[in-house]
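Participant: File follows, input.tsv with TSV, C-alpha atoms (C1' of nucleotides):
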chain	number	residue	atom	x	y	z
A	272	MET	CA	-13.36	-29.12	-78.09
A	273	GLU	CA	-14.44	-26.91	-80.92
A	274	ASP	CA	-16.77	-28.71	-83.25
A	275	VAL	CA	-17.62	-28.45	-86.89
A	276	ALA	CA	-20.41	-26.05	-87.77
A	277	LEU	CA	-23.22	-27.31	-89.98
A	278	VAL	CA	-24.47	-24.76	-92.47
A	279	ARG	CA	-27.41	-25.05	-94.82
A	280	TRP	CA	-26.56	-23.92	-98.29
A	281	PRO	CA	-27.58	-21.64	-99.80
A	282	ASP	CA	-30.01	-20.70	-97.00
A	283	ASP	CA	-27.45	-19.83	-94.32
A	284	ALA	CA	-25.06	-17.96	-96.56
A	285	ASP	CA	-24.53	-15.13	-94.07
A	286	ARG	CA	-23.64	-17.45	-91.28
A	287	LEU	CA	-21.20	-19.13	-93.60
A	288	ALA	CA	-19.47	-15.84	-94.27
A	289	ALA	CA	-19.03	-15.32	-90.55
A	290	LEU	CA	-17.62	-18.78	-90.06
A	291	ARG	CA	-15.22	-18.34	-92.93
A	292	ALA	CA	-14.00	-15.10	-91.47
A	293	ALA	CA	-13.54	-16.76	-88.10
A	294	GLY	CA	-11.62	-19.65	-89.65
A	295	ALA	CA	-13.98	-22.16	-88.08
A	296	PRO	CA	-14.38	-25.58	-89.66
A	297	ARG	CA	-17.76	-26.02	-91.32
A	298	LEU	CA	-19.72	-28.49	-93.36
A	299	LEU	CA	-22.23	-27.23	-95.88
A	300	LEU	CA	-25.47	-29.11	-96.28
A	301	VAL	CA	-26.29	-28.41	-99.87
A	302	ALA	CA	-29.95	-28.33	-100.88
A	303	PRO	CA	-30.92	-31.04	-103.36
A	304	ASP	CA	-31.34	-28.63	-106.22
A	305	ALA	CA	-28.59	-26.13	-105.42
A	306	ALA	CA	-25.26	-26.01	-107.21
A	307	PRO	CA	-22.26	-27.20	-105.22
A	308	PRO	CA	-20.38	-24.21	-103.79
A	309	ALA	CA	-16.85	-23.38	-104.82
A	310	VAL	CA	-14.68	-24.57	-101.96
A	311	VAL	CA	-10.98	-23.95	-101.53
A	312	ASP	CA	-10.41	-23.70	-97.80
A	313	PRO	CA	-9.35	-27.04	-96.29
A	314	LEU	CA	-11.59	-26.31	-93.31
A	315	GLU	CA	-14.67	-26.32	-95.50
A	316	ASP	CA	-16.49	-29.22	-97.10
A	317	TRP	CA	-19.96	-30.06	-98.30
A	318	VAL	CA	-22.45	-32.84	-98.81
A	319	ARG	CA	-25.57	-32.96	-100.92
A	320	LEU	CA	-28.84	-33.49	-99.11
A	321	PRO	CA	-30.25	-35.95	-98.44
A	322	ALA	CA	-26.96	-37.13	-97.01
A	323	ASP	CA	-25.86	-40.62	-96.16
A	324	ASP	CA	-24.98	-40.97	-92.46
A	325	ALA	CA	-21.66	-42.61	-93.15
A	326	GLU	CA	-20.64	-39.87	-95.55
A	327	LEU	CA	-21.65	-37.20	-93.12
A	328	ALA	CA	-19.64	-38.80	-90.34
A	329	ALA	CA	-16.58	-39.26	-92.53
A	330	ARG	CA	-16.54	-35.66	-93.71
A	331	LEU	CA	-17.07	-34.36	-90.21
A	332	ALA	CA	-14.17	-36.45	-89.01
A	333	THR	CA	-11.98	-35.04	-91.74
A	334	LEU	CA	-12.85	-31.47	-90.82
A	335	ARG	CA	-12.29	-32.12	-87.14
A	336	ALA	CA	-8.92	-33.62	-87.85
A	337	ARG	CA	-7.93	-30.66	-89.98
A	338	GLY	CA	-9.26	-28.17	-87.49
A	339	GLY	CA	-7.45	-29.61	-84.54
A	340	ALA	CA	-4.30	-30.27	-86.50
A	341	GLY	CA	-2.57	-27.17	-85.22
A	342	ALA	CA	0.32	-28.73	-83.35
A	343	PRO	CA	-1.23	-29.21	-79.94
A	344	ALA	CA	1.80	-29.22	-77.67
A	345	PRO	CA	2.00	-31.74	-74.86
A	346	ASP	CA	1.73	-30.32	-71.38
A	347	LEU	CA	4.00	-31.06	-68.46
A	348	ASP	CA	2.21	-30.31	-65.20
A	349	THR	CA	3.67	-29.51	-61.81
A	350	ASP	CA	3.22	-33.08	-60.61
A	351	GLY	CA	5.54	-34.41	-63.24
A	352	LEU	CA	2.75	-35.75	-65.41
A	353	LEU	CA	3.00	-35.34	-69.13
A	354	HIS	CA	-0.40	-34.84	-70.75
A	355	TYR	CA	-1.15	-35.22	-74.42
A	356	ARG	CA	-4.51	-35.61	-76.07
A	357	ASP	CA	-6.53	-36.94	-73.16
A	358	ARG	CA	-3.76	-39.22	-71.96
A	359	TRP	CA	-0.92	-38.88	-69.56
A	360	VAL	CA	2.09	-40.69	-68.10
A	361	ALA	CA	4.16	-40.09	-65.01
A	362	LEU	CA	7.76	-39.04	-65.56
A	363	SER	CA	10.83	-39.47	-63.44
A	364	PRO	CA	12.78	-36.34	-62.45
A	365	VAL	CA	15.31	-36.56	-65.24
A	366	GLU	CA	12.57	-37.29	-67.72
A	367	GLN	CA	10.67	-34.25	-66.50
A	368	ALA	CA	13.67	-32.11	-67.24
A	369	LEU	CA	13.93	-33.53	-70.75
A	370	ALA	CA	10.20	-33.21	-71.32
A	371	GLY	CA	10.33	-29.62	-70.16
A	372	ALA	CA	12.94	-28.63	-72.69
A	373	LEU	CA	11.33	-30.61	-75.48
A	374	THR	CA	7.77	-29.42	-74.99
A	375	GLU	CA	8.83	-25.80	-74.78
A	376	ARG	CA	10.20	-26.20	-78.24
A	377	PHE	CA	7.67	-28.74	-79.44
A	378	GLY	CA	8.29	-29.64	-83.06
A	379	ALA	CA	11.72	-28.02	-83.13
A	380	VAL	CA	15.16	-29.45	-82.64
A	381	VAL	CA	16.69	-29.32	-79.17
A	382	GLY	CA	20.42	-29.99	-78.90
A	383	ARG	CA	21.91	-32.75	-76.81
A	384	ASP	CA	23.85	-30.18	-74.86
A	385	ALA	CA	20.72	-28.20	-74.10
A	386	LEU	CA	19.07	-31.34	-72.81
A	387	SER	CA	22.09	-32.26	-70.76
A	388	LYS	CA	22.26	-28.83	-69.23
A	389	ARG	CA	18.61	-28.98	-68.38
A	390	ALA	CA	18.78	-32.37	-66.75
A	391	TRP	CA	22.10	-31.86	-65.00
A	392	PRO	CA	22.69	-28.12	-64.52
A	393	ASP	CA	26.09	-28.71	-62.97
A	394	GLY	CA	27.77	-31.22	-65.13
A	395	THR	CA	26.68	-34.14	-67.21
A	396	PRO	CA	27.62	-37.54	-65.81
A	397	THR	CA	28.85	-39.17	-68.99
A	398	ARG	CA	27.93	-39.01	-72.64
A	399	ASN	CA	25.87	-42.16	-72.41
A	400	ALA	CA	23.74	-41.04	-69.50
A	401	LEU	CA	21.69	-38.89	-71.79
A	402	ASP	CA	21.34	-41.70	-74.30
A	403	VAL	CA	19.81	-43.99	-71.78
A	404	HIS	CA	17.34	-41.42	-70.56
A	405	ILE	CA	16.41	-40.56	-74.10
A	406	LEU	CA	15.77	-44.22	-74.69
A	407	ARG	CA	13.50	-44.56	-71.74
A	408	PHE	CA	11.78	-41.30	-72.44
A	409	ARG	CA	10.96	-42.54	-75.91
A	410	ARG	CA	9.36	-45.65	-74.59
A	411	ARG	CA	7.54	-43.73	-71.93
A	412	ILE	CA	5.88	-41.29	-74.30
A	413	ALA	CA	5.08	-43.73	-77.09
A	414	PRO	CA	1.71	-44.68	-75.55
A	415	LEU	CA	0.71	-41.02	-75.74
A	416	GLY	CA	1.22	-40.92	-79.47
A	417	LEU	CA	4.37	-38.87	-79.18
A	418	GLU	CA	7.69	-39.64	-80.75
A	419	LEU	CA	11.15	-38.26	-80.28
A	420	ARG	CA	13.03	-38.08	-83.54
A	421	THR	CA	16.76	-37.83	-83.85
A	422	VAL	CA	18.36	-35.18	-86.01
A	423	ARG	CA	21.89	-36.37	-86.36
A	424	ALA	CA	24.57	-34.07	-85.02
A	425	ARG	CA	21.86	-31.59	-84.05
A	426	GLY	CA	19.71	-33.06	-81.37
A	427	TYR	CA	16.20	-34.34	-80.91
A	428	LEU	CA	12.76	-33.22	-81.96
A	429	LEU	CA	9.51	-34.05	-80.23
A	430	GLN	CA	6.42	-34.48	-82.36
A	431	GLY	CA	3.15	-36.35	-82.64
A	432	PHE	CA	3.00	-39.49	-84.69
A	433	ALA	CA	2.95	-39.04	-88.44
A	434	ALA	CA	3.43	-35.31	-88.29
A	435	THR	CA	5.60	-35.81	-91.32
A	436	ASP	CA	6.65	-38.79	-93.30
A	437	THR	CA	4.71	-41.86	-94.25
A	438	ALA	CA	5.38	-45.49	-93.52
B	284	MET	CA	-0.71	-28.11	-115.61
B	285	GLU	CA	-0.71	-30.86	-113.11
B	286	ASP	CA	-4.05	-32.52	-112.83
B	287	VAL	CA	-5.88	-34.34	-110.11
B	288	ALA	CA	-5.38	-38.09	-110.03
B	289	LEU	CA	-8.45	-40.29	-109.91
B	290	VAL	CA	-8.04	-43.35	-107.74
B	291	ARG	CA	-10.46	-46.22	-107.29
B	292	TRP	CA	-10.90	-47.11	-103.68
B	293	PRO	CA	-10.13	-49.57	-102.28
B	294	ASP	CA	-8.88	-51.20	-105.49
B	295	ASP	CA	-5.98	-48.85	-106.22
B	296	ALA	CA	-4.74	-48.55	-102.67
B	297	ASP	CA	-1.08	-48.91	-103.67
B	298	ARG	CA	-1.30	-46.16	-106.21
B	299	LEU	CA	-2.90	-44.00	-103.58
B	300	ALA	CA	0.02	-44.54	-101.26
B	301	ALA	CA	2.39	-43.40	-103.98
B	302	LEU	CA	0.35	-40.28	-104.68
B	303	ARG	CA	0.17	-39.43	-101.03
B	304	ALA	CA	3.90	-39.78	-100.71
B	305	ALA	CA	4.36	-37.50	-103.68
B	306	GLY	CA	1.95	-34.93	-102.30
B	307	ALA	CA	-0.11	-35.05	-105.49
B	308	PRO	CA	-3.76	-34.03	-105.40
B	309	ARG	CA	-6.11	-36.97	-105.80
B	310	LEU	CA	-9.77	-37.81	-105.78
B	311	LEU	CA	-10.86	-41.21	-104.56
B	312	LEU	CA	-13.70	-42.94	-106.33
B	313	VAL	CA	-15.14	-45.00	-103.53
B	314	ALA	CA	-16.84	-48.26	-104.44
B	315	PRO	CA	-20.58	-48.28	-103.66
B	316	ASP	CA	-20.18	-50.70	-100.79
B	317	ALA	CA	-16.81	-49.60	-99.40
B	318	ALA	CA	-16.35	-47.52	-96.28
B	319	PRO	CA	-15.25	-43.94	-96.86
B	320	PRO	CA	-11.52	-43.60	-96.24
B	321	ALA	CA	-10.11	-41.48	-93.45
B	322	VAL	CA	-8.96	-38.29	-95.11
B	323	VAL	CA	-6.96	-35.50	-93.53
B	324	ASP	CA	-4.78	-34.10	-96.27
B	325	PRO	CA	-6.38	-31.08	-97.96
B	326	LEU	CA	-5.13	-32.44	-101.29
B	327	GLU	CA	-7.29	-35.51	-100.96
B	328	ASP	CA	-11.04	-35.90	-101.36
B	329	TRP	CA	-13.50	-38.58	-102.28
B	330	VAL	CA	-16.86	-39.26	-103.84
B	331	ARG	CA	-19.06	-42.30	-103.64
B	332	LEU	CA	-19.77	-44.14	-106.87
B	333	PRO	CA	-21.89	-43.79	-108.82
B	334	ALA	CA	-21.02	-40.13	-108.75
B	335	ASP	CA	-23.00	-37.17	-109.88
B	336	ASP	CA	-21.21	-35.23	-112.63
B	337	ALA	CA	-21.68	-31.91	-110.93
B	338	GLU	CA	-20.27	-33.21	-107.67
B	339	LEU	CA	-17.29	-34.72	-109.42
B	340	ALA	CA	-16.56	-31.49	-111.22
B	341	ALA	CA	-16.91	-29.42	-108.06
B	342	ARG	CA	-14.55	-31.60	-106.04
B	343	LEU	CA	-12.02	-31.72	-108.83
B	344	ALA	CA	-12.10	-27.95	-109.03
B	345	THR	CA	-11.50	-27.71	-105.31
B	346	LEU	CA	-8.51	-30.02	-105.45
B	347	ARG	CA	-7.07	-28.20	-108.44
B	348	ALA	CA	-7.39	-24.91	-106.65
B	349	ARG	CA	-5.68	-26.28	-103.56
B	350	GLY	CA	-2.99	-28.05	-105.53
B	351	GLY	CA	-2.11	-25.09	-107.66
B	352	ALA	CA	-2.24	-22.73	-104.73
B	353	GLY	CA	1.11	-21.08	-104.96
B	354	ALA	CA	4.37	-22.84	-105.75
B	355	PRO	CA	6.01	-22.42	-102.38
B	356	ALA	CA	9.74	-22.92	-102.35
B	357	PRO	CA	11.16	-25.49	-99.98
B	358	ASP	CA	12.57	-24.04	-96.82
B	359	LEU	CA	15.89	-24.97	-95.27
B	360	ASP	CA	15.79	-24.11	-91.61
B	361	THR	CA	18.65	-23.44	-89.24
B	362	ASP	CA	18.52	-26.95	-87.86
B	363	GLY	CA	19.37	-28.46	-91.19
B	364	LEU	CA	15.83	-29.59	-91.84
B	365	LEU	CA	14.37	-29.16	-95.27
B	366	HIS	CA	10.65	-28.38	-95.14
B	367	TYR	CA	8.26	-28.69	-98.03
B	368	ARG	CA	4.49	-28.79	-97.89
B	369	ASP	CA	4.01	-29.95	-94.32
B	370	ARG	CA	6.82	-32.44	-94.48
B	371	TRP	CA	10.46	-32.39	-93.65
B	372	VAL	CA	13.61	-34.43	-93.75
B	373	ALA	CA	16.93	-34.01	-91.99
B	374	LEU	CA	19.89	-33.28	-94.23
B	375	SER	CA	23.55	-34.03	-93.77
B	376	PRO	CA	25.97	-31.10	-93.81
B	377	VAL	CA	26.94	-31.48	-97.46
B	378	GLU	CA	23.32	-31.87	-98.42
B	379	GLN	CA	22.46	-28.73	-96.52
B	380	ALA	CA	24.95	-26.82	-98.60
B	381	LEU	CA	23.47	-28.17	-101.81
B	382	ALA	CA	19.94	-27.56	-100.61
B	383	GLY	CA	20.86	-23.99	-99.72
B	384	ALA	CA	22.07	-23.18	-103.19
B	385	LEU	CA	19.22	-24.99	-104.88
B	386	THR	CA	16.38	-23.54	-102.82
B	387	GLU	CA	17.68	-20.01	-103.22
B	388	ARG	CA	17.24	-20.49	-106.91
B	389	PHE	CA	14.28	-22.83	-106.74
B	390	GLY	CA	13.11	-23.77	-110.20
B	391	ALA	CA	16.22	-22.37	-111.87
B	392	VAL	CA	19.40	-24.07	-113.02
B	393	VAL	CA	22.38	-24.06	-110.67
B	394	GLY	CA	25.76	-25.00	-112.13
B	395	ARG	CA	27.85	-27.88	-110.89
B	396	ASP	CA	30.67	-25.52	-110.09
B	397	ALA	CA	28.39	-23.33	-108.01
B	398	LEU	CA	27.27	-26.37	-106.08
B	399	SER	CA	30.82	-27.58	-105.59
B	400	LYS	CA	31.94	-24.22	-104.36
B	401	ARG	CA	29.07	-24.09	-101.94
B	402	ALA	CA	29.65	-27.53	-100.53
B	403	TRP	CA	33.44	-27.36	-100.45
B	404	PRO	CA	34.52	-23.69	-100.33
B	405	ASP	CA	38.16	-24.61	-100.37
B	406	GLY	CA	38.50	-27.26	-102.95
B	407	THR	CA	36.34	-30.08	-104.19
B	408	PRO	CA	37.54	-33.52	-103.14
B	409	THR	CA	37.23	-35.19	-106.52
B	410	ARG	CA	35.06	-34.52	-109.53
B	411	ASN	CA	33.01	-37.51	-108.58
B	412	ALA	CA	32.20	-36.42	-105.04
B	413	LEU	CA	29.48	-34.08	-106.22
B	414	ASP	CA	27.84	-36.81	-108.27
B	415	VAL	CA	27.52	-39.03	-105.29
B	416	HIS	CA	26.03	-36.34	-103.13
B	417	ILE	CA	23.63	-35.34	-105.84
B	418	LEU	CA	22.48	-38.90	-106.00
B	419	ARG	CA	21.94	-39.09	-102.27
B	420	PHE	CA	20.27	-35.73	-102.19
B	421	ARG	CA	17.81	-36.88	-104.85
B	422	ARG	CA	16.84	-39.88	-102.83
B	423	ARG	CA	16.56	-37.87	-99.68
B	424	ILE	CA	14.17	-35.29	-101.03
B	425	ALA	CA	11.96	-37.64	-103.02
B	426	PRO	CA	9.68	-38.32	-100.04
B	427	LEU	CA	8.94	-34.61	-99.88
B	428	GLY	CA	7.71	-34.53	-103.44
B	429	LEU	CA	10.78	-32.71	-104.67
B	430	GLU	CA	12.96	-33.69	-107.57
B	431	LEU	CA	16.32	-32.57	-108.83
B	432	ARG	CA	16.49	-32.52	-112.59
B	433	THR	CA	19.62	-32.52	-114.67
B	434	VAL	CA	20.25	-29.97	-117.36
B	435	ARG	CA	23.09	-31.52	-119.24
B	436	ALA	CA	26.25	-29.48	-119.37
B	437	ARG	CA	24.49	-26.71	-117.42
B	438	GLY	CA	23.74	-27.97	-113.98
B	439	TYR	CA	20.79	-29.00	-111.88
B	440	LEU	CA	17.35	-27.64	-111.18
B	441	LEU	CA	15.21	-28.25	-108.12
B	442	GLN	CA	11.45	-28.48	-108.53
B	443	GLY	CA	8.33	-30.10	-107.18
B	444	PHE	CA	7.00	-33.25	-108.77
B	445	ALA	CA	4.99	-32.89	-111.91
B	446	ALA	CA	5.92	-29.34	-112.69
B	447	THR	CA	6.75	-31.04	-115.93
B	448	ASP	CA	6.99	-29.57	-119.39
B	449	THR	CA	6.55	-32.49	-121.75
B	450	ALA	CA	4.92	-35.80	-121.04
C	368	DG	C1'	21.09	-52.54	-39.78
C	369	DC	C1'	19.35	-54.67	-43.80
C	370	DT	C1'	16.42	-55.21	-47.59
C	371	DT	C1'	13.84	-53.59	-51.43
C	372	DG	C1'	12.84	-50.99	-55.36
C	373	DG	C1'	12.83	-47.10	-58.28
C	374	DG	C1'	15.61	-44.15	-60.42
C	375	DT	C1'	20.21	-43.24	-62.19
C	376	DT	C1'	24.75	-44.03	-64.15
C	377	DT	C1'	28.47	-46.70	-66.21
C	378	DC	C1'	30.29	-49.95	-69.56
C	379	DG	C1'	30.72	-51.96	-73.68
C	380	DC	C1'	29.33	-53.15	-78.09
C	381	DC	C1'	26.59	-52.62	-82.22
C	382	DG	C1'	24.41	-50.51	-85.96
C	383	DA	C1'	23.33	-46.38	-88.70
C	384	DA	C1'	24.71	-42.39	-91.03
C	385	DG	C1'	28.12	-39.21	-93.42
C	386	DT	C1'	31.79	-38.93	-96.53
C	387	DG	C1'	34.91	-39.80	-100.19
C	388	DA	C1'	37.55	-42.74	-103.60
C	389	DA	C1'	37.34	-45.89	-107.50
C	390	DG	C1'	35.30	-48.01	-110.99
C	391	DC	C1'	31.83	-49.29	-114.22
C	392	DC	C1'	27.59	-48.23	-116.98
C	393	DT	C1'	24.88	-45.43	-120.10
C	394	DG	C1'	23.01	-42.31	-123.21
C	395	DG	C1'	23.77	-38.51	-126.22
C	396	DC	C1'	26.74	-36.23	-129.41
C	397	DT	C1'	30.44	-35.70	-132.88
D	734	DA	C1'	33.51	-45.59	-133.18
D	735	DG	C1'	34.81	-42.83	-129.61
D	736	DC	C1'	34.22	-39.12	-126.38
D	737	DC	C1'	32.09	-37.07	-122.49
D	738	DA	C1'	28.92	-35.70	-118.83
D	739	DG	C1'	26.49	-37.89	-115.53
D	740	DG	C1'	24.50	-41.86	-112.91
D	741	DC	C1'	25.02	-45.42	-109.76
D	742	DT	C1'	27.32	-49.04	-107.00
D	743	DT	C1'	30.69	-50.62	-103.92
D	744	DC	C1'	34.11	-50.17	-100.49
D	745	DA	C1'	36.54	-48.22	-96.55
D	746	DC	C1'	36.64	-45.32	-92.77
D	747	DT	C1'	34.84	-42.37	-89.20
D	748	DT	C1'	31.61	-40.47	-86.05
D	749	DC	C1'	27.31	-40.50	-83.68
D	750	DG	C1'	23.51	-42.57	-81.52
D	751	DG	C1'	20.98	-46.84	-79.60
D	752	DC	C1'	20.64	-50.09	-76.31
D	753	DG	C1'	21.25	-54.20	-73.09
D	754	DA	C1'	23.16	-55.39	-68.74
D	755	DA	C1'	24.96	-54.56	-64.58
D	756	DA	C1'	26.43	-51.56	-60.93
D	757	DC	C1'	25.11	-47.64	-57.90
D	758	DC	C1'	22.59	-44.60	-54.93
D	759	DC	C1'	19.23	-43.42	-51.83
D	760	DA	C1'	14.89	-43.27	-49.48
D	761	DA	C1'	11.12	-46.14	-47.42
D	762	DG	C1'	9.93	-50.03	-44.80
D	763	DC	C1'	10.91	-54.13	-41.83
Give the structure from this file in structure tokens form.
Facilitator:
Amino acid sequence: MEDVALVRWPDDADRLAALRAAGAPRLLLVAPDAAPPAVVDPLEDWVRLPADDAELAARLATLRARGGAGAPAPDLDTDGLLHYRDRWVALSPVEQALAGALTERFGAVVGRDALSKRAWPDGTPTRNALDVHILRFRRRIAPLGLELRTVRARGYLLQGFAATDTA
Amino acid sequence: MEDVALVRWPDDADRLAALRAAGAPRLLLVAPDAAPPAVVDPLEDWVRLPADDAELAARLATLRARGGAGAPAPDLDTDGLLHYRDRWVALSPVEQALAGALTERFGAVVGRDALSKRAWPDGTPTRNALDVHILRFRRRIAPLGLELRTVRARGYLLQGFAATDTA
DNA sequence: GCTTGGGTTTCGCCGAAGTGAAGCCTGGCT
DNA sequence: AGCCAGGCTTCACTTCGGCGAAACCCAAGC
């Protein structure tokens, strides 16, 4: 995993420029007597030296979270395992079909019909069959930190927890 | 101009929740003995009390810059989802029609008749129908930090929170 | 052959959401 | 006072999705 770069300010100003250009997350360690830099980029932050350990850790965590927050799609491997953020679960055949369609369009709406067609290429059993598999799929992926949200009359949308609303 | 909210942490936790929901920029003033909060949102930052004036000013400037950064119009996608600042909600068909008209003229007044025509191309049900949908639309978009303001006898105007004129 | 167990499908019912119709409330204006 | 544009609630009705429970199917093992 890409980690946050630590940059002394104003000493390492050139390196900072490079990091900014590369869009890499970075934390400036500001010399005791230097003026705080003008920050706008969410991937940049700063602390004044000497820095408190807890503060340092907290700001690094923030930058890491922002840096990695680029919609990391779950991955369905050839063994029918669905991987997401260091964790995985085994899926049944029908669930694999659903997961395939949903991860390919991670974060976007996939119609019920598209899911049906994917799971049962030659004819859906009944309307409810999909419902039940959706239900179980939801429960199956919850431990991974994934949720399947319903968009009424449109379909379903796979996303990570809290990618949108609040409690 | 919208300004950055100052929130004592952890004392004003409820107010913080409201500000987060509204997508308003805020700076947490963290009590000397409290743990730093877990921040991800670029519109949120924190300083430990007692705070240095220069640090306070610098972080406020950062948040102002991020907060004011462009007034992006909400986006209604083809799935009937209304996106605004990293968040989204699903809209019902009638609401999609209203949202379409209102986002196309984001920040400007749209007449009731224009909205009616958009939602019901061949005839409005009753005069009252629009009122009800306006009401529901308001509640639906509030979590995104959007509000629909009335311009009496003229129509309605969609805007982000706190793009206010008077107090 | 029979059992067992996972996966799958059916059935049936419930709750949630979308939509309008009516009616009442309110605040501003004449 | 009375009018009028809106705001908001309540009710009825419909459609869509959620979900428990039980039946089914089929392959592996006894």
Participant: Taking only C-alpha atoms (C1' of nucleotides) into account, what are the residues of chain D at most 10 Å from chain B, put as number ranges by chain?
Facilitator: D: 738-741
Participant: Let me make sure I understand: if you superpose chain A onto chain B using all C-alpha atoms paired in order, what RMSD in Å results?
Facilitator: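 After superposition, the RMSD is 11.6 Å.
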Participant: Skip range 389-400 of chain B itself and residues of its chain fewer than 6 positions away, then list as a ChimeraX atom specification all residues within 12 Å of it, counting only C-alpha atoms (C1' of nucleotides).
Facilitator: /B:354-359,377-383,406-417,429-444,446-447 /D:738-739
Participant: For a quick test of understanding: name the residues of chain B lying within 7 Å of chain A when counting all atoms listed in the file, and present them as JSON, numbers by chain.
Facilitator: {"B": [304, 319, 321, 322, 323, 325, 338, 341, 345, 348, 349, 362, 369, 370, 371, 373]}
Participant: Please return, as number ranges by chain, all polymer residues that have at least one atom within 10 Å of the point (12.4, -49.0, -56.8); use only C-alpha atoms (C1' of nucleotides) and the file's own coordinate frame.
Facilitator: C: 371-374; D: 760-761
Participant: For range 753-757 of chain D, work out the shell of residues within 12 Å, counting only C-alpha atoms (C1' of nucleotides) and skipping chain neighbours fewer than 3 positions away, then give it as a list in words.
Facilitator: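 Contacts, with the query itself left out: Val403 and Leu406 of chain A; DG374, DT375, DT376, DT377, DC378, DG379, DC380 and DC381 of chain C.
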Participant: Restricting the calculation to all atoms listed in the file: of D:DA734, D:DT747, D:DG762, D:DC752, which residue gets closest to DT386 in chain C?
Facilitator: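 The closest residue to DT386 in chain C is D:DT747.
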Participant: What is the distance, in Å and to one decimal place, between CA of Gly306 in chain B and CA of Gly428 in chain B?
Facilitator: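 We find that CA of Gly306 in chain B and CA of Gly428 in chain B lie 5.9 Å from each other.
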Participant: Which chain C residues are at most 9 Å from chain B (counting all atoms listed in the file), as a PyMOL selection string?
Facilitator: chain C and resi 384-388
Participant: State, in Å with one decimal place, the distance from CA of His366 in chain B to CA of Pro426 in chain B.
Facilitator: 11.1 Å
Participant: Please indicate the distance in Å from CA of Ala402 in chain B to CA of Phe420 in chain B, rounded to one decimal place.
Facilitator: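 Distance between the two atoms: 12.6 Å.
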Participant: The residues within 12 Å of (-22.9, -29.0, -84.9), using only C-alpha atoms (C1' of nucleotides) and the coordinates of the file, should be reported as a compact mmCIF listing (two decimals) with C-alpha atoms, in the frame of the given file; which are they?
Facilitator:
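Written file, selection-v6.txt:
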# COMPACT_ATOMS: atom_id res chain seq x y z
CA MET A 272 -13.36 -29.12 -78.09
CA GLU A 273 -14.44 -26.91 -80.92
CA ASP A 274 -16.77 -28.71 -83.25
CA VAL A 275 -17.62 -28.45 -86.89
CA ALA A 276 -20.41 -26.05 -87.77
CA LEU A 277 -23.22 -27.31 -89.98
CA VAL A 278 -24.47 -24.76 -92.47
CA ARG A 279 -27.41 -25.05 -94.82
CA ALA A 295 -13.98 -22.16 -88.08
CA PRO A 296 -14.38 -25.58 -89.66
CA ARG A 297 -17.76 -26.02 -91.32
CA LEU A 298 -19.72 -28.49 -93.36
CA LEU A 299 -22.23 -27.23 -95.88
CA LEU A 300 -25.47 -29.11 -96.28
CA LEU A 327 -21.65 -37.20 -93.12
CA ALA A 328 -19.64 -38.80 -90.34
CA LEU A 331 -17.07 -34.36 -90.21
CA LEU A 334 -12.85 -31.47 -90.82
CA ARG A 335 -12.29 -32.12 -87.14
Participant: Just need range 335-345 of chain B in a file, please: N, CA and C atoms, as an mmCIF file, in the first residue's frame.
Facilitator:
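Saved as decode.cif:
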data_model
loop_
_atom_site.group_PDB
_atom_site.id
_atom_site.type_symbol
_atom_site.label_atom_id
_atom_site.label_comp_id
_atom_site.auth_asym_id
_atom_site.auth_seq_id
_atom_site.Cartn_x
_atom_site.Cartn_y
_atom_site.Cartn_z
ATOM 1 N N ASP B 335 -2.505 27.709 18.753
ATOM 2 C CA ASP B 335 -1.700 28.829 18.290
ATOM 3 C C ASP B 335 -2.501 29.626 17.257
ATOM 4 N N ASP B 336 -2.456 30.948 17.364
ATOM 5 C CA ASP B 336 -3.246 31.785 16.452
ATOM 6 C C ASP B 336 -2.907 31.545 14.990
ATOM 7 N N ALA B 337 -1.633 31.415 14.725
ATOM 8 C CA ALA B 337 -1.210 31.238 13.334
ATOM 9 C C ALA B 337 -1.735 29.917 12.775
ATOM 10 N N GLU B 338 -1.696 28.884 13.618
ATOM 11 C CA GLU B 338 -2.185 27.587 13.159
ATOM 12 C C GLU B 338 -3.680 27.649 12.876
ATOM 13 N N LEU B 339 -4.396 28.283 13.796
ATOM 14 C CA LEU B 339 -5.837 28.423 13.642
ATOM 15 C C LEU B 339 -6.154 29.126 12.326
ATOM 16 N N ALA B 340 -5.480 30.221 12.106
ATOM 17 C CA ALA B 340 -5.736 31.008 10.899
ATOM 18 C C ALA B 340 -5.425 30.197 9.648
ATOM 19 N N ALA B 341 -4.324 29.462 9.688
ATOM 20 C CA ALA B 341 -3.923 28.687 8.514
ATOM 21 C C ALA B 341 -4.954 27.607 8.201
ATOM 22 N N ARG B 342 -5.414 26.922 9.237
ATOM 23 C CA ARG B 342 -6.367 25.830 8.989
ATOM 24 C C ARG B 342 -7.721 26.373 8.557
ATOM 25 N N LEU B 343 -8.092 27.509 9.119
ATOM 26 C CA LEU B 343 -9.349 28.119 8.670
ATOM 27 C C LEU B 343 -9.252 28.508 7.201
ATOM 28 N N ALA B 344 -8.123 29.036 6.825
ATOM 29 C CA ALA B 344 -7.945 29.449 5.433
ATOM 30 C C ALA B 344 -8.049 28.246 4.507
ATOM 31 N N THR B 345 -7.455 27.150 4.930
ATOM 32 C CA THR B 345 -7.526 25.931 4.131
ATOM 33 C C THR B 345 -8.972 25.486 3.941
#
